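Source file protein35.csv; content: CSV, C-alpha atoms and all ligand atoms.
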```csv
chain,number,residue,atom,x,y,z
S,233,MET,CA,-19.7,63.5,14.6
S,234,ARG,CA,-23.1,64.6,16.0
S,235,VAL,CA,-24.5,67.6,14.3
S,236,ALA,CA,-27.5,69.5,15.7
S,237,LEU,CA,-29.7,72.5,15.2
S,238,TYR,CA,-32.2,74.3,17.3
S,239,GLN,CA,-35.2,75.9,15.6
S,240,ASN,CA,-36.5,78.7,17.9
S,241,TYR,CA,-39.3,81.2,18.3
S,242,PRO,CA,-37.6,84.4,19.6
S,243,LYS,CA,-39.6,87.2,21.1
S,244,PHE,CA,-38.4,90.4,19.3
S,245,GLY,CA,-35.9,92.3,21.5
S,246,ASP,CA,-35.9,90.0,24.5
S,247,VAL,CA,-32.3,88.9,24.0
S,248,GLU,CA,-31.7,87.6,27.5
S,249,ASN,CA,-34.8,85.4,27.5
S,250,ASN,CA,-34.3,84.2,24.0
S,251,VAL,CA,-30.7,83.1,24.8
S,252,LYS,CA,-31.9,81.5,28.1
S,253,GLN,CA,-34.6,79.6,26.3
S,254,ALA,CA,-32.2,78.3,23.6
S,255,LEU,CA,-29.7,77.2,26.3
S,256,ALA,CA,-32.4,75.4,28.2
S,257,ALA,CA,-33.6,73.6,25.0
S,258,VAL,CA,-30.2,72.3,24.1
S,259,ALA,CA,-29.0,71.6,27.7
S,260,PRO,CA,-30.1,67.9,27.8
S,261,HIS,CA,-28.4,67.0,24.5
S,262,SER,CA,-24.9,66.2,23.4
S,263,PHE,CA,-23.5,67.3,20.1
S,264,ASP,CA,-20.2,68.3,18.4
S,265,LEU,CA,-21.8,71.0,16.2
S,266,LEU,CA,-24.8,73.1,17.0
S,267,VAL,CA,-26.4,75.6,14.5
S,268,LEU,CA,-28.8,78.2,15.8
S,269,PRO,CA,-30.9,80.5,13.5
S,270,GLU,CA,-30.0,83.9,11.9
S,271,LEU,CA,-30.4,86.8,14.5
S,272,PHE,CA,-31.6,84.1,16.9
S,273,ALA,CA,-31.4,86.1,20.1
S,274,THR,CA,-32.7,89.5,18.9
S,275,GLY,CA,-35.5,88.7,16.4
S,276,TYR,CA,-35.4,89.8,12.8
S,277,GLN,CA,-37.5,92.9,12.0
S,278,PHE,CA,-35.6,95.9,13.1
S,279,LYS,CA,-37.4,99.2,12.6
S,280,SER,CA,-34.3,101.1,11.7
S,281,ARG,CA,-30.5,100.9,11.4
S,282,GLU,CA,-30.3,102.7,14.7
S,283,GLU,CA,-32.5,100.1,16.4
S,284,ALA,CA,-30.4,97.3,15.0
S,285,MET,CA,-27.2,99.0,16.2
S,286,SER,CA,-28.7,99.2,19.7
S,287,TYR,CA,-28.9,95.4,19.7
S,288,GLY,CA,-25.5,94.9,18.0
S,289,GLU,CA,-22.5,93.2,19.5
S,290,PRO,CA,-18.9,93.5,18.4
S,291,VAL,CA,-17.3,90.3,17.1
S,292,GLY,CA,-16.0,88.2,19.9
S,293,SER,CA,-17.7,89.9,22.9
S,294,GLY,CA,-21.0,90.8,24.4
S,295,PHE,CA,-23.8,89.0,26.2
S,296,THR,CA,-24.7,86.6,23.4
S,297,PHE,CA,-21.1,85.8,22.5
S,298,ASP,CA,-20.3,85.0,26.1
S,299,ALA,CA,-23.3,82.7,26.5
S,300,MET,CA,-22.4,80.9,23.3
S,301,LYS,CA,-18.8,80.6,24.3
S,302,GLU,CA,-19.8,79.1,27.7
S,303,LEU,CA,-22.1,76.6,25.8
S,304,ALA,CA,-19.2,75.6,23.5
S,305,ILE,CA,-17.0,75.0,26.5
S,306,GLN,CA,-19.6,73.0,28.3
S,307,LYS,CA,-20.5,70.8,25.4
S,308,LYS,CA,-17.0,70.7,23.9
S,309,ALA,CA,-18.7,71.6,20.6
S,310,VAL,CA,-18.6,74.3,18.0
S,311,VAL,CA,-21.6,76.6,18.3
S,312,ILE,CA,-22.8,78.7,15.4
S,313,TYR,CA,-25.3,81.5,15.8
S,314,GLY,CA,-26.6,84.6,13.9
S,315,TYR,CA,-26.4,88.0,15.5
S,316,PRO,CA,-26.2,91.7,14.5
S,317,GLU,CA,-22.6,92.6,14.4
S,318,LEU,CA,-21.3,96.1,15.3
S,319,GLU,CA,-18.1,96.9,13.5
S,320,GLY,CA,-16.5,100.2,12.7
S,321,GLY,CA,-19.8,102.1,13.4
S,322,LYS,CA,-21.7,99.9,11.0
S,323,ILE,CA,-24.0,97.0,11.5
S,324,TYR,CA,-23.8,93.6,9.7
S,325,ASN,CA,-26.0,90.5,9.6
S,326,SER,CA,-23.4,88.0,10.8
S,327,ALA,CA,-22.8,84.5,12.0
S,328,ALA,CA,-20.2,83.5,14.5
S,329,ALA,CA,-18.7,80.0,15.0
S,330,VAL,CA,-17.4,79.7,18.6
S,331,MET,CA,-15.0,76.9,19.4
S,332,PRO,CA,-14.6,75.3,22.9
S,333,GLU,CA,-11.1,76.7,23.4
S,334,GLY,CA,-12.5,80.2,22.9
S,335,SER,CA,-11.4,81.0,19.3
S,336,PHE,CA,-14.1,82.0,16.8
S,337,VAL,CA,-14.7,82.6,13.1
S,338,ASN,CA,-17.0,85.4,11.9
S,339,TYR,CA,-19.0,85.7,8.7
S,340,GLN,CA,-20.9,88.8,7.5
S,341,LYS,CA,-23.9,87.9,5.2
S,342,VAL,CA,-23.1,88.5,1.6
S,343,HIS,CA,-26.6,88.5,0.1
S,344,LEU,CA,-28.9,90.8,2.0
S,345,PHE,CA,-32.7,90.1,1.6
S,346,ASP,CA,-35.3,92.7,0.8
S,347,THR,CA,-35.5,95.3,3.7
S,348,GLU,CA,-32.3,94.1,5.2
S,349,LYS,CA,-30.7,96.4,2.7
S,350,GLN,CA,-32.1,99.3,4.6
S,351,ILE,CA,-30.7,98.1,7.9
S,352,PHE,CA,-27.4,96.2,7.3
S,353,GLU,CA,-24.2,96.8,5.4
S,354,PRO,CA,-23.4,94.2,2.7
S,355,GLY,CA,-20.9,91.7,4.3
S,356,GLN,CA,-17.2,92.2,3.7
S,357,THR,CA,-15.7,89.1,5.2
S,358,GLY,CA,-16.4,86.8,2.2
S,359,PHE,CA,-17.4,83.2,2.8
S,360,LYS,CA,-15.7,81.4,5.6
S,361,THR,CA,-14.6,77.8,6.3
S,362,PHE,CA,-12.9,76.4,9.4
S,363,ASP,CA,-11.8,73.1,10.8
S,364,PHE,CA,-13.2,71.5,13.9
S,365,ASN,CA,-12.6,67.9,15.2
S,366,GLY,CA,-11.3,66.8,11.8
S,367,ALA,CA,-14.2,68.2,9.8
S,368,ARG,CA,-14.3,71.3,7.6
S,369,MET,CA,-17.3,73.5,8.0
S,370,GLY,CA,-18.5,76.5,6.0
S,371,LEU,CA,-20.8,79.4,7.0
S,372,MET,CA,-23.6,81.1,5.0
S,373,ILE,CA,-26.7,82.9,6.1
S,374,CYS,CA,-30.3,82.4,4.9
S,375,PHE,CA,-30.8,84.2,1.5
S,376,ASP,CA,-27.3,83.2,0.5
S,377,TRP,CA,-29.0,79.9,-0.5
S,378,ARG,CA,-30.6,81.7,-3.5
S,379,PHE,CA,-27.2,82.2,-5.0
S,380,PRO,CA,-25.6,78.8,-5.9
S,381,GLU,CA,-22.2,80.5,-5.9
S,382,SER,CA,-22.4,80.8,-2.1
S,383,MET,CA,-22.3,77.1,-1.4
S,384,ARG,CA,-20.1,76.3,-4.3
S,385,ARG,CA,-17.5,78.7,-2.9
S,386,LEU,CA,-17.6,77.0,0.4
S,387,ALA,CA,-17.5,73.5,-1.1
S,388,LEU,CA,-14.6,74.4,-3.4
S,389,ASP,CA,-12.8,75.6,-0.2
S,390,GLY,CA,-13.3,72.1,1.2
S,391,ALA,CA,-16.3,72.5,3.4
S,392,GLN,CA,-17.9,69.2,4.2
S,393,ILE,CA,-20.7,70.6,6.4
S,394,ILE,CA,-22.5,73.8,5.4
S,395,CYS,CA,-23.8,75.6,8.4
S,396,HIS,CA,-26.8,77.8,7.5
S,397,PRO,CA,-28.5,80.0,10.1
S,398,ALA,CA,-31.7,81.2,8.6
S,399,ASN,CA,-34.9,83.2,9.1
S,400,LEU,CA,-36.9,82.0,6.1
S,401,VAL,CA,-40.1,83.7,4.9
S,402,LEU,CA,-40.4,82.3,1.4
S,403,PRO,CA,-41.3,78.6,0.9
S,404,HIS,CA,-38.6,77.4,-1.5
S,405,CYS,CA,-35.4,77.0,0.5
S,406,PRO,CA,-36.1,73.6,2.2
S,407,GLN,CA,-36.4,71.9,-1.2
S,408,ALA,CA,-33.6,73.9,-2.7
S,409,MET,CA,-31.2,72.8,-0.1
S,410,ILE,CA,-31.5,69.2,-1.4
S,411,ILE,CA,-30.3,70.4,-4.7
S,412,ARG,CA,-27.5,72.5,-3.2
S,413,ALA,CA,-26.3,69.4,-1.2
S,414,LEU,CA,-26.4,67.3,-4.4
S,415,GLU,CA,-24.7,70.0,-6.5
S,416,ASN,CA,-21.7,70.0,-4.1
S,417,ASN,CA,-21.9,66.6,-2.4
S,418,VAL,CA,-21.9,68.2,1.1
S,419,PHE,CA,-23.9,68.0,4.3
S,420,THR,CA,-26.2,71.0,5.0
S,421,VAL,CA,-27.6,72.1,8.3
S,422,THR,CA,-30.3,74.8,7.9
S,423,ALA,CA,-31.4,76.2,11.3
S,424,ASP,CA,-34.5,78.3,10.8
S,425,ARG,CA,-37.0,79.9,13.2
S,426,ILE,CA,-40.8,79.8,13.5
S,427,GLY,CA,-43.4,82.3,14.5
S,428,VAL,CA,-44.6,85.8,13.4
S,429,GLU,CA,-43.2,89.3,13.6
S,430,GLU,CA,-45.3,92.3,12.9
S,431,ARG,CA,-43.4,95.6,13.3
S,432,HIS,CA,-43.6,98.8,11.3
S,433,GLY,CA,-46.7,97.5,9.5
S,434,GLN,CA,-45.1,94.5,7.8
S,435,ARG,CA,-46.2,91.0,8.9
S,436,LEU,CA,-43.6,88.2,8.5
S,437,GLU,CA,-44.3,84.6,9.0
S,438,PHE,CA,-41.3,82.4,9.4
S,439,ILE,CA,-41.6,78.9,7.9
S,440,GLY,CA,-39.5,76.7,10.2
S,441,ARG,CA,-38.8,73.4,8.4
S,442,SER,CA,-35.2,73.4,9.5
S,443,ARG,CA,-33.3,70.5,7.9
S,444,ILE,CA,-30.2,68.4,8.0
S,445,ILE,CA,-29.4,67.0,4.5
S,446,ALA,CA,-26.8,64.4,3.4
S,447,PRO,CA,-24.5,64.7,0.3
S,448,ASP,CA,-26.8,62.3,-1.6
S,449,GLY,CA,-29.8,64.6,-1.0
S,450,GLU,CA,-31.4,62.5,1.7
S,451,VAL,CA,-33.2,64.6,4.4
S,452,LEU,CA,-31.7,63.1,7.6
S,453,ALA,CA,-33.8,65.2,10.0
S,454,GLU,CA,-36.5,67.8,9.5
S,455,ALA,CA,-38.5,70.1,11.8
S,456,GLY,CA,-42.1,71.2,11.3
S,457,ASP,CA,-43.4,74.7,10.7
S,458,GLU,CA,-45.0,75.4,14.1
S,459,GLU,CA,-42.9,73.9,16.9
S,460,ALA,CA,-39.6,74.9,18.4
S,461,SER,CA,-37.4,71.9,17.8
S,462,PHE,CA,-34.0,70.4,18.5
S,463,LEU,CA,-32.7,68.0,15.9
S,464,SER,CA,-29.5,66.0,15.8
S,465,VAL,CA,-28.0,63.2,13.6
S,466,ASP,CA,-24.7,61.3,13.6
S,467,ILE,CA,-22.8,61.8,10.4
S,468,ASP,CA,-19.5,60.9,8.8
S,469,PRO,CA,-18.2,64.2,7.3
S,470,SER,CA,-15.9,62.2,5.0
S,471,ALA,CA,-18.9,61.2,3.0
S,472,ALA,CA,-18.6,64.7,1.5
S,473,ASP,CA,-15.1,64.2,0.2
S,474,ASN,CA,-15.6,62.0,-2.8
S,475,LYS,CA,-17.0,64.3,-5.6
S,476,GLN,CA,-16.9,61.4,-8.1
S,477,ILE,CA,-20.5,60.5,-9.0
S,478,ASN,CA,-19.7,57.6,-11.4
S,479,GLU,CA,-16.6,56.2,-13.2
S,480,ARG,CA,-16.5,59.2,-15.6
S,481,ASN,CA,-17.9,62.1,-13.7
S,482,ASP,CA,-16.5,64.3,-10.9
S,483,LEU,CA,-18.6,67.2,-9.7
S,484,PHE,CA,-15.6,69.5,-9.3
S,485,ALA,CA,-13.1,68.2,-11.9
S,486,ASP,CA,-15.8,68.2,-14.7
S,487,ARG,CA,-16.6,71.9,-14.1
S,488,ARG,CA,-15.7,74.1,-17.1
S,489,PRO,CA,-15.7,77.5,-15.6
S,490,HIS,CA,-14.5,79.3,-18.7
S,491,PHE,CA,-17.9,78.4,-20.3
S,492,TYR,CA,-19.9,79.8,-17.3
I,1,LIG,C1,-33.5,86.0,4.8
I,1,LIG,O1,-32.4,86.0,4.2
I,1,LIG,N1,-33.6,86.1,6.1
I,1,LIG,C2,-34.8,85.7,4.1
```

Show me the file's structure as structure tokens.
Amino acid sequence: MRVALYQNYPKFGDVENNVKQALAAVAPHSFDLLVLPELFATGYQFKSREEAMSYGEPVGSGFTFDAMKELAIQKKAVVIYGYPELEGGKIYNSAAAVMPEGSFVNYQKVHLFDTEKQIFEPGQTGFKTFDFNGARMGLMICFDWRFPESMRRLALDGAQIICHPANLVLPHCPQAMIIRALENNVFTVTADRIGVEERHGQRLEFIGRSRIIAPDGEVLAEAGDEEASFLSVDIDPSAADNKQINERNDLFADRRPHFY
């Protein structure tokens, strides 16, 4: 299975061009799974809840969803992307996984970061896994990495590949994802963005360094911190299945949750 990510540099609010630019960047490539960053088409730093709502799309429809669905069909791939989700008069920081036959899975970010708490509602969907081409994938978004329970939940639910749209501003996540992969014996695909946003007086620099990591912690592919980048690697998702790390230790069977 070929897994891929695209690390972009969106211009805040320019949804049409940001989508067009991502489509052009991935067009020459083939893949079975593509992960795009958190809020990849809108940009990150909304001034207000109302502004975020003005860019929101309901789950399963809208300009960005339609473009991602078309891409999934063209590439016969699952496409995962972050977007502001309008639901019931509220706005969530969400990720959708769109399958080539048109079905989709939606995840609302559980752990909101910093000023996101002034914009978005805390997610209500819970962590989501789904199957595609014989592999099980799981969804989490950016700051969810800081809570080991996020990826543990997905791994306990059988996820072999953790799909992780991100907009990272702190430096620690790229290294931490090696540990998260090892803790759970899973593949991880972190699709981050680069560039700067400076709105309402706060300057944010996004760190890039998107990564694809193997269950043994090996970094299979890595982007830099300044360039938009497409990365892809061929993996065997079943490498995530055996949680036995030696004759006597199994990462899941040895857990003793009543002591935690
Ligand atoms: C983040 O969760 N976007 C840092």

With a distance cut-off of 7 Å and all atoms listed in the file, select the neighbouring residues of segment 420-428 of chain S, excluding the residue or stretch itself and same-chain residues fewer than 2 positions from it, and output the selection as a ChimeraX atom specification. /S:237-241,267-269,393-400,413,418,430,436-446,457-458

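Note that atom CA of Ser280 of chain S and atom CA of Gln350 of chain S are 7.6 Å apart.
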
Let me have the centre and edge lengths in Å, one decimal, of the box along x, y and z around every listed atom of ligand LIG 1 (chain I) with 3 Å of margin on each side, as lines of an AutoDock Vina configuration file.
```
center_x = -33.6
center_y = 85.9
center_z = 5.1
size_x = 8.4
size_y = 6.4
size_z = 8.0
```

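Proximity ranking of S:Gly292, S:Gly275, S:Pro332, S:Pro242 relative to ligand LIG 1 (chain I) places S:Gly275 first, based on only C-alpha atoms and all ligand atoms.
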
Please build the interface table for chain S against ligand LIG 1 (chain I) with a cut-off of 10 Å, listing for each qualifying residue the nearest atom pair and the distance in Å to one decimal; count all atoms listed in the file, order rows by chain and increasing number, and write it as a Markdown table.
```
| residue | atom | partner | partner_atom | distance |
| --- | --- | --- | --- | --- |
| S:Pro269 | CA | I:LIG1 | N1 | 9.7 |
| S:Glu270 | CA | I:LIG1 | N1 | 7.2 |
| S:Leu271 | CA | I:LIG1 | N1 | 9.0 |
| S:Tyr276 | CA | I:LIG1 | N1 | 7.9 |
| S:Gln277 | CA | I:LIG1 | N1 | 9.8 |
| S:Asn325 | CA | I:LIG1 | N1 | 9.5 |
| S:Lys341 | CA | I:LIG1 | O1 | 8.8 |
| S:Val342 | CA | I:LIG1 | O1 | 10.0 |
| S:His343 | CA | I:LIG1 | O1 | 7.5 |
| S:Leu344 | CA | I:LIG1 | O1 | 6.3 |
| S:Phe345 | CA | I:LIG1 | O1 | 4.9 |
| S:Asp346 | CA | I:LIG1 | C2 | 7.8 |
| S:Thr347 | CA | I:LIG1 | C1 | 9.6 |
| S:Glu348 | CA | I:LIG1 | N1 | 8.2 |
| S:Ile373 | CA | I:LIG1 | O1 | 6.8 |
| S:Cys374 | CA | I:LIG1 | O1 | 4.2 |
| S:Phe375 | CA | I:LIG1 | O1 | 3.6 |
| S:Asp376 | CA | I:LIG1 | O1 | 6.9 |
| S:Trp377 | CA | I:LIG1 | O1 | 8.4 |
| S:Arg378 | CA | I:LIG1 | O1 | 9.0 |
| S:Pro397 | CA | I:LIG1 | N1 | 8.9 |
| S:Ala398 | CA | I:LIG1 | N1 | 5.8 |
| S:Asn399 | CA | I:LIG1 | N1 | 4.4 |
| S:Leu400 | CA | I:LIG1 | C2 | 4.7 |
| S:Val401 | CA | I:LIG1 | C2 | 5.7 |
| S:Leu402 | CA | I:LIG1 | C2 | 7.1 |
| S:Cys405 | CA | I:LIG1 | C2 | 9.4 |
| S:Asp424 | CA | I:LIG1 | N1 | 9.2 |
| S:Phe438 | CA | I:LIG1 | C2 | 9.0 |
```

Those residues you just picked out, can you put them in a file as a PDB file, in the coordinates of the input with C-alpha atoms?
```pdb
ATOM      1  CA  PRO S 269     -30.900  80.500  13.500  1.00  0.00           C
ATOM      2  CA  GLU S 270     -30.000  83.900  11.900  1.00  0.00           C
ATOM      3  CA  LEU S 271     -30.400  86.800  14.500  1.00  0.00           C
ATOM      4  CA  TYR S 276     -35.400  89.800  12.800  1.00  0.00           C
ATOM      5  CA  GLN S 277     -37.500  92.900  12.000  1.00  0.00           C
ATOM      6  CA  ASN S 325     -26.000  90.500   9.600  1.00  0.00           C
ATOM      7  CA  LYS S 341     -23.900  87.900   5.200  1.00  0.00           C
ATOM      8  CA  VAL S 342     -23.100  88.500   1.600  1.00  0.00           C
ATOM      9  CA  HIS S 343     -26.600  88.500   0.100  1.00  0.00           C
ATOM     10  CA  LEU S 344     -28.900  90.800   2.000  1.00  0.00           C
ATOM     11  CA  PHE S 345     -32.700  90.100   1.600  1.00  0.00           C
ATOM     12  CA  ASP S 346     -35.300  92.700   0.800  1.00  0.00           C
ATOM     13  CA  THR S 347     -35.500  95.300   3.700  1.00  0.00           C
ATOM     14  CA  GLU S 348     -32.300  94.100   5.200  1.00  0.00           C
ATOM     15  CA  ILE S 373     -26.700  82.900   6.100  1.00  0.00           C
ATOM     16  CA  CYS S 374     -30.300  82.400   4.900  1.00  0.00           C
ATOM     17  CA  PHE S 375     -30.800  84.200   1.500  1.00  0.00           C
ATOM     18  CA  ASP S 376     -27.300  83.200   0.500  1.00  0.00           C
ATOM     19  CA  TRP S 377     -29.000  79.900  -0.500  1.00  0.00           C
ATOM     20  CA  ARG S 378     -30.600  81.700  -3.500  1.00  0.00           C
ATOM     21  CA  PRO S 397     -28.500  80.000  10.100  1.00  0.00           C
ATOM     22  CA  ALA S 398     -31.700  81.200   8.600  1.00  0.00           C
ATOM     23  CA  ASN S 399     -34.900  83.200   9.100  1.00  0.00           C
ATOM     24  CA  LEU S 400     -36.900  82.000   6.100  1.00  0.00           C
ATOM     25  CA  VAL S 401     -40.100  83.700   4.900  1.00  0.00           C
ATOM     26  CA  LEU S 402     -40.400  82.300   1.400  1.00  0.00           C
ATOM     27  CA  CYS S 405     -35.400  77.000   0.500  1.00  0.00           C
ATOM     28  CA  ASP S 424     -34.500  78.300  10.800  1.00  0.00           C
ATOM     29  CA  PHE S 438     -41.300  82.400   9.400  1.00  0.00           C
TER      30      PHE S 438
END
```

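Here atom CA of Gln306 of chain S stands at a distance of 20.7 Å from atom CA of Asn338 of chain S.
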
Output segment 473-483 of chain S with all heavy atoms present, as a short mmCIF file (atom, residue, chain, number, x, y, z; two decimals), in the coordinates of the input.
```cif
data_model
loop_
_atom_site.label_atom_id
_atom_site.label_comp_id
_atom_site.auth_asym_id
_atom_site.auth_seq_id
_atom_site.Cartn_x
_atom_site.Cartn_y
_atom_site.Cartn_z
N ASP S 473 -16.41 63.94 0.88
CA ASP S 473 -15.10 64.20 0.20
C ASP S 473 -15.02 63.69 -1.20
O ASP S 473 -14.29 64.27 -2.00
CB ASP S 473 -14.00 63.45 1.06
CG ASP S 473 -13.78 64.14 2.40
OD1 ASP S 473 -14.22 65.30 2.54
OD2 ASP S 473 -13.19 63.52 3.29
N ASN S 474 -15.73 62.62 -1.51
CA ASN S 474 -15.60 62.00 -2.80
C ASN S 474 -16.59 62.70 -3.80
O ASN S 474 -17.79 62.42 -3.77
CB ASN S 474 -15.83 60.54 -2.78
CG ASN S 474 -15.60 59.89 -4.14
OD1 ASN S 474 -15.18 60.54 -5.09
ND2 ASN S 474 -15.92 58.60 -4.22
N LYS S 475 -16.10 63.55 -4.69
CA LYS S 475 -17.00 64.30 -5.60
C LYS S 475 -17.26 63.48 -6.88
O LYS S 475 -17.94 63.94 -7.79
CB LYS S 475 -16.38 65.64 -5.96
CG LYS S 475 -16.01 66.50 -4.75
CD LYS S 475 -17.18 66.83 -3.83
CE LYS S 475 -16.74 67.75 -2.69
NZ LYS S 475 -17.78 67.94 -1.67
N GLN S 476 -16.67 62.25 -6.93
CA GLN S 476 -16.90 61.40 -8.10
C GLN S 476 -18.27 60.79 -8.02
O GLN S 476 -18.61 60.11 -7.04
CB GLN S 476 -15.83 60.23 -7.98
CG GLN S 476 -15.64 59.42 -9.22
CD GLN S 476 -14.51 59.96 -10.09
OE1 GLN S 476 -13.60 60.59 -9.58
NE2 GLN S 476 -14.61 59.73 -11.38
N ILE S 477 -19.12 61.01 -9.05
CA ILE S 477 -20.50 60.50 -9.00
C ILE S 477 -20.68 59.21 -9.80
O ILE S 477 -21.68 58.52 -9.67
CB ILE S 477 -21.55 61.54 -9.32
CG1 ILE S 477 -21.29 62.17 -10.69
CG2 ILE S 477 -21.61 62.62 -8.25
CD1 ILE S 477 -22.42 63.07 -11.15
N ASN S 478 -19.74 58.92 -10.68
CA ASN S 478 -19.70 57.60 -11.40
C ASN S 478 -18.25 57.50 -11.92
O ASN S 478 -17.40 58.35 -11.63
CB ASN S 478 -20.74 57.50 -12.49
CG ASN S 478 -20.58 58.60 -13.55
OD1 ASN S 478 -19.46 58.92 -13.96
ND2 ASN S 478 -21.69 59.18 -13.98
N GLU S 479 -18.01 56.49 -12.69
CA GLU S 479 -16.60 56.20 -13.20
C GLU S 479 -16.08 57.41 -13.95
O GLU S 479 -14.87 57.66 -13.95
CB GLU S 479 -16.69 54.97 -14.04
CG GLU S 479 -15.40 54.19 -14.09
CD GLU S 479 -15.57 52.97 -14.99
OE1 GLU S 479 -16.58 52.25 -14.80
OE2 GLU S 479 -14.73 52.78 -15.88
N ARG S 480 -16.98 58.13 -14.64
CA ARG S 480 -16.50 59.20 -15.60
C ARG S 480 -16.78 60.59 -15.17
O ARG S 480 -16.36 61.53 -15.86
CB ARG S 480 -17.08 58.91 -16.97
CG ARG S 480 -16.60 57.63 -17.60
CD ARG S 480 -17.24 57.34 -18.94
NE ARG S 480 -16.83 56.02 -19.39
CZ ARG S 480 -17.38 54.89 -18.96
NH1 ARG S 480 -18.37 54.90 -18.10
NH2 ARG S 480 -16.94 53.72 -19.40
N ASN S 481 -17.54 60.77 -14.08
CA ASN S 481 -17.90 62.10 -13.70
C ASN S 481 -17.52 62.51 -12.31
O ASN S 481 -17.76 61.76 -11.36
CB ASN S 481 -19.47 62.31 -13.83
CG ASN S 481 -19.94 62.27 -15.26
OD1 ASN S 481 -20.65 61.34 -15.66
ND2 ASN S 481 -19.52 63.24 -16.05
N ASP S 482 -16.92 63.68 -12.22
CA ASP S 482 -16.50 64.30 -10.90
C ASP S 482 -17.12 65.67 -10.87
O ASP S 482 -16.89 66.48 -11.76
CB ASP S 482 -14.99 64.31 -10.83
CG ASP S 482 -14.53 64.84 -9.49
OD1 ASP S 482 -14.71 66.05 -9.23
OD2 ASP S 482 -13.99 64.05 -8.69
N LEU S 483 -17.87 65.91 -9.80
CA LEU S 483 -18.60 67.20 -9.70
C LEU S 483 -17.74 68.40 -9.81
O LEU S 483 -18.16 69.44 -10.33
CB LEU S 483 -19.37 67.24 -8.36
CG LEU S 483 -20.62 66.39 -8.22
CD1 LEU S 483 -21.16 66.50 -6.79
CD2 LEU S 483 -21.68 66.83 -9.22
#
```
